Amino acid sequence: MAEIDPFEISVGKVHSNSSHTREFIKRNFTGVDCRDTVYVTASPQFADFELSFAHIEHVWQNNWNENIRTVRPEHVTKAAIDLDNEYPNKRLIIHYMQPHYPFIGPTGREIDEQATFGPNRESKYSSVWVQLSAGQISEATVRTAYRENLELVLSEMDRLQSELTGKIVLTSDHGNLYGKRVCWLPIRIYGHPPGIHDPELTAVPWVEFPYEERRSIVSANESATNVEFESVDQRLRDLGYR
């Protein structure tokens with residue numbers, strides 16, 4: 001993030017209290033009154049949690065791209081702007097999938113095509129972290145694909161800054177490990193398994209964009225109704241969680 005930094009703003013570093021999205025949800029939002037906040041998410045990890053937000057927008061439900069097996073960042077941005085107009089007195093948490101796998105830049109698409117061993121779209125993809133741990137691809141290739149994914153989502157920040165008011169902060173729920181030996185485990189760790197609170201995995205960027213004034217926030221009277229979804233397991237497999 002600090003290497004790319006297209007904003008000409010200092011990129012700080014903070015530590016998440018989690019190493020996995022489900023852990024992030026449990027530790028930060030379960031049992032917490034978040035009726036002053038709208039959560040816009042491309043991640044199906046939120047589908048089965050009982051949470052107290054003013055509204056949760058499951059962008060993945062109607063904007064899942066079967067070809068790339070994820071949600072493109074521009075759909076998340078559009079949903080966030082629309083909801084900002086609908087809920088002008090709420091905080092927004094805007095949860096993009098990128099730079100999370102699948103990597104949808106040119107290098108990432110090439111990795112996936114190689115993983116299917118041909119054009120058969122019914123073939124099961126191996127997560128890039130599985131491929132890396134098995135020595136099927138190089139760390140340099142994975143880092144290039146990850147960087148491309150990061151650049152794709154960072155390009156959405158200009159639109160958010162032009163459309164949203166108040167203070168905007170860019171950060172993440174976790175990072176990834178590239179084969180590090182964590183002291184209490186006898187194996188190398190790839191990706192972001194839960195419960196591995198290694199400082200290289202929990203370190204996340206913190207970028208505060210300039211703003212003139214904070215927005216006025218009012219809590220909703222009721223929490224959003226929780227909804228049951230289909231296709232969650234398949235979406236999680238697409239993201240490398242199964």
# chains A, B, ... in the order shown; residues from 1 in each chain; ligands from 1
call {"tool": "select_by_dssp", "arguments": {"residues": "range 22-200 of chain A", "states": "strand (DSSP E)", "output": "PyMOL selection string"}}
result
chain A and resi 33-41+52-58+91-95+169-170+177-181+188-191
call {"tool": "select_by_dssp", "arguments": {"residues": "range 7-217 of chain A", "states": "alpha helix (DSSP H)", "output": "PyMOL selection string"}}
result
chain A and resi 21-28+59-63+73-86+106-116+128-133+139-154+157-163+199-202
call {"tool": "residues_around", "arguments": {"residues": "Leu160 in chain A", "least_positions_apart": "6", "cutoff": "9 Å", "atoms": "only C-alpha atoms", "output": "count of residues only"}}
result
4
call {"tool": "residues_around", "arguments": {"residues": "range 45-49 of chain A", "least_positions_apart": "4", "cutoff": "9 Å", "atoms": "only C-alpha atoms", "output": "ChimeraX atom specification"}}
result
/A:21-22,25-26,30,41,56,58,226-229,232,236
call {"tool": "residues_around", "arguments": {"residues": "Asp5 in chain A", "least_positions_apart": "2", "cutoff": "12 Å", "atoms": "only C-alpha atoms", "output": "PyMOL selection string"}}
result
chain A and resi 1-3+7-12+147+150-151+154-155+157+170+205-207
call {"tool": "write_last_selection", "arguments": {"atoms": "all heavy atoms", "output": "compact mmCIF listing (two decimals), in the first residue's frame"}}
result
# COMPACT_ATOMS: atom_id res chain seq x y z
N MET A 1 0.83 -1.20 0.00
CA MET A 1 0.00 0.00 0.00
C MET A 1 0.87 1.26 0.00
O MET A 1 0.63 2.20 -0.75
CB MET A 1 -0.92 -0.02 1.23
CG MET A 1 -1.81 1.18 1.38
SD MET A 1 -3.03 1.29 0.07
CE MET A 1 -3.48 3.00 0.22
N ALA A 2 1.90 1.25 0.83
CA ALA A 2 2.79 2.42 0.90
C ALA A 2 3.56 2.59 -0.40
O ALA A 2 3.87 3.72 -0.81
CB ALA A 2 3.75 2.26 2.08
N GLU A 3 3.87 1.49 -1.08
CA GLU A 3 4.59 1.57 -2.35
C GLU A 3 3.73 2.17 -3.45
O GLU A 3 4.19 2.96 -4.27
CB GLU A 3 5.08 0.18 -2.77
CG GLU A 3 6.18 -0.38 -1.90
CD GLU A 3 6.53 -1.81 -2.29
OE1 GLU A 3 5.89 -2.32 -3.24
OE2 GLU A 3 7.39 -2.40 -1.64
N PHE A 7 -2.41 8.57 -3.44
CA PHE A 7 -3.12 9.70 -2.86
C PHE A 7 -2.21 10.83 -2.40
O PHE A 7 -2.68 11.91 -2.05
CB PHE A 7 -3.95 9.23 -1.65
CG PHE A 7 -4.78 8.01 -1.92
CD1 PHE A 7 -4.53 6.82 -1.25
CD2 PHE A 7 -5.77 8.03 -2.89
CE1 PHE A 7 -5.28 5.70 -1.50
CE2 PHE A 7 -6.53 6.90 -3.15
CZ PHE A 7 -6.28 5.73 -2.46
N GLU A 8 -0.92 10.59 -2.36
CA GLU A 8 0.03 11.56 -1.83
C GLU A 8 -0.33 11.95 -0.40
O GLU A 8 -0.22 13.11 0.00
CB GLU A 8 0.11 12.80 -2.73
CG GLU A 8 0.60 12.46 -4.14
CD GLU A 8 0.73 13.68 -5.02
OE1 GLU A 8 0.33 14.78 -4.58
OE2 GLU A 8 1.23 13.56 -6.14
N ILE A 9 -0.82 10.97 0.35
CA ILE A 9 -1.13 11.11 1.77
C ILE A 9 -0.34 10.04 2.50
O ILE A 9 -0.20 8.93 2.01
CB ILE A 9 -2.64 10.92 2.04
CG1 ILE A 9 -3.47 11.91 1.23
CG2 ILE A 9 -2.95 11.07 3.52
CD1 ILE A 9 -4.96 11.66 1.30
N SER A 10 0.15 10.36 3.66
CA SER A 10 0.92 9.39 4.43
C SER A 10 0.09 8.14 4.72
O SER A 10 -1.06 8.22 5.15
CB SER A 10 1.38 10.01 5.74
OG SER A 10 2.03 9.06 6.55
N VAL A 11 0.67 6.98 4.45
CA VAL A 11 0.02 5.70 4.74
C VAL A 11 0.49 5.22 6.11
O VAL A 11 1.65 4.85 6.28
CB VAL A 11 0.34 4.65 3.67
CG1 VAL A 11 -0.30 3.31 4.02
CG2 VAL A 11 -0.14 5.12 2.31
N GLY A 12 -0.41 5.26 7.07
CA GLY A 12 -0.06 4.78 8.40
C GLY A 12 -0.26 3.28 8.51
O GLY A 12 -0.78 2.63 7.60
N ARG A 147 -0.98 -7.02 -6.09
CA ARG A 147 -0.80 -5.57 -6.30
C ARG A 147 -1.79 -5.04 -7.34
O ARG A 147 -2.36 -3.97 -7.18
CB ARG A 147 0.64 -5.29 -6.73
CG ARG A 147 0.95 -3.82 -6.93
CD ARG A 147 2.38 -3.62 -7.43
NE ARG A 147 2.66 -2.20 -7.62
CZ ARG A 147 3.58 -1.52 -6.97
NH1 ARG A 147 4.30 -2.12 -6.04
NH2 ARG A 147 3.79 -0.25 -7.22
N LEU A 150 -5.10 -4.64 -5.74
CA LEU A 150 -5.11 -3.47 -4.88
C LEU A 150 -5.28 -2.20 -5.70
O LEU A 150 -6.06 -1.30 -5.35
CB LEU A 150 -3.83 -3.41 -4.05
CG LEU A 150 -3.66 -2.20 -3.14
CD1 LEU A 150 -4.79 -2.11 -2.13
CD2 LEU A 150 -2.30 -2.25 -2.42
N GLU A 151 -4.58 -2.11 -6.81
CA GLU A 151 -4.69 -0.93 -7.66
C GLU A 151 -6.10 -0.76 -8.21
O GLU A 151 -6.61 0.37 -8.32
CB GLU A 151 -3.68 -1.03 -8.81
CG GLU A 151 -2.23 -0.87 -8.35
CD GLU A 151 -1.22 -1.15 -9.44
OE1 GLU A 151 -1.57 -1.87 -10.41
OE2 GLU A 151 -0.09 -0.66 -9.34
N LEU A 154 -8.19 0.70 -5.33
CA LEU A 154 -7.78 2.05 -4.95
C LEU A 154 -8.28 3.09 -5.95
O LEU A 154 -8.51 4.25 -5.59
CB LEU A 154 -6.25 2.13 -4.84
CG LEU A 154 -5.61 1.36 -3.68
CD1 LEU A 154 -4.11 1.58 -3.67
CD2 LEU A 154 -6.22 1.78 -2.34
N SER A 155 -8.48 2.66 -7.20
CA SER A 155 -8.97 3.61 -8.20
C SER A 155 -10.39 4.07 -7.89
O SER A 155 -10.85 5.09 -8.43
CB SER A 155 -8.93 2.97 -9.60
OG SER A 155 -9.84 1.88 -9.68
N MET A 157 -11.37 5.09 -4.97
CA MET A 157 -11.36 6.07 -3.89
C MET A 157 -11.62 7.49 -4.37
O MET A 157 -12.22 8.30 -3.66
CB MET A 157 -10.00 6.02 -3.15
CG MET A 157 -9.73 4.72 -2.39
SD MET A 157 -10.99 4.34 -1.14
CE MET A 157 -11.88 3.02 -1.98
N LEU A 170 -9.39 4.85 4.91
CA LEU A 170 -9.16 3.60 4.19
C LEU A 170 -8.35 2.66 5.07
O LEU A 170 -7.29 3.03 5.57
CB LEU A 170 -8.42 3.87 2.87
CG LEU A 170 -8.19 2.69 1.93
CD1 LEU A 170 -8.10 3.18 0.49
CD2 LEU A 170 -6.91 1.92 2.27
N PRO A 205 -3.21 -1.05 6.57
CA PRO A 205 -2.98 0.39 6.33
C PRO A 205 -4.04 1.25 6.99
O PRO A 205 -5.15 0.81 7.28
CB PRO A 205 -3.05 0.50 4.80
CG PRO A 205 -3.91 -0.63 4.39
CD PRO A 205 -3.62 -1.75 5.34
N TRP A 206 -3.68 2.50 7.21
CA TRP A 206 -4.62 3.49 7.75
C TRP A 206 -4.35 4.81 7.03
O TRP A 206 -3.32 5.44 7.22
CB TRP A 206 -4.42 3.65 9.25
CG TRP A 206 -5.44 4.55 9.90
CD1 TRP A 206 -5.34 5.90 10.11
CD2 TRP A 206 -6.72 4.16 10.42
NE1 TRP A 206 -6.47 6.37 10.73
CE2 TRP A 206 -7.34 5.33 10.93
CE3 TRP A 206 -7.40 2.95 10.50
CZ2 TRP A 206 -8.60 5.31 11.51
CZ3 TRP A 206 -8.66 2.92 11.08
CH2 TRP A 206 -9.25 4.11 11.58
N VAL A 207 -5.29 5.21 6.17
CA VAL A 207 -5.15 6.44 5.40
C VAL A 207 -6.34 7.34 5.69
O VAL A 207 -7.50 6.96 5.44
CB VAL A 207 -5.09 6.15 3.88
CG1 VAL A 207 -4.93 7.46 3.10
CG2 VAL A 207 -3.95 5.20 3.56
call {"tool": "residues_around", "arguments": {"residues": "Asn149 in chain A", "least_positions_apart": "3", "cutoff": "9 Å", "atoms": "only C-alpha atoms", "output": "PyMOL selection string"}}
result
chain A and resi 98-105+108+144-146+152-154
call {"tool": "residues_around", "arguments": {"residues": "Ile68 in chain A", "least_positions_apart": "4", "cutoff": "12 Å", "atoms": "only C-alpha atoms", "output": "PyMOL selection string"}}
result
chain A and resi 63-64+72+101-106+108-113+121+125+235+238-239
call {"tool": "atom_distance", "arguments": {"atom1": "CA of Gly195 in chain A", "atom2": "CA of Val14 in chain A"}}
result
17.8 Å
call {"tool": "closest_residue", "arguments": {"among": "A:Lys13, A:Thr70, A:Asp36, A:Ala54", "to": "Arg237 in chain A", "atoms": "only C-alpha atoms"}}
result
A:Thr70
call {"tool": "closest_residue", "arguments": {"among": "A:Thr202, A:Ser223, A:Gln136, A:Thr141", "to": "Tyr39 in chain A", "atoms": "only C-alpha atoms"}}
result
A:Ser223
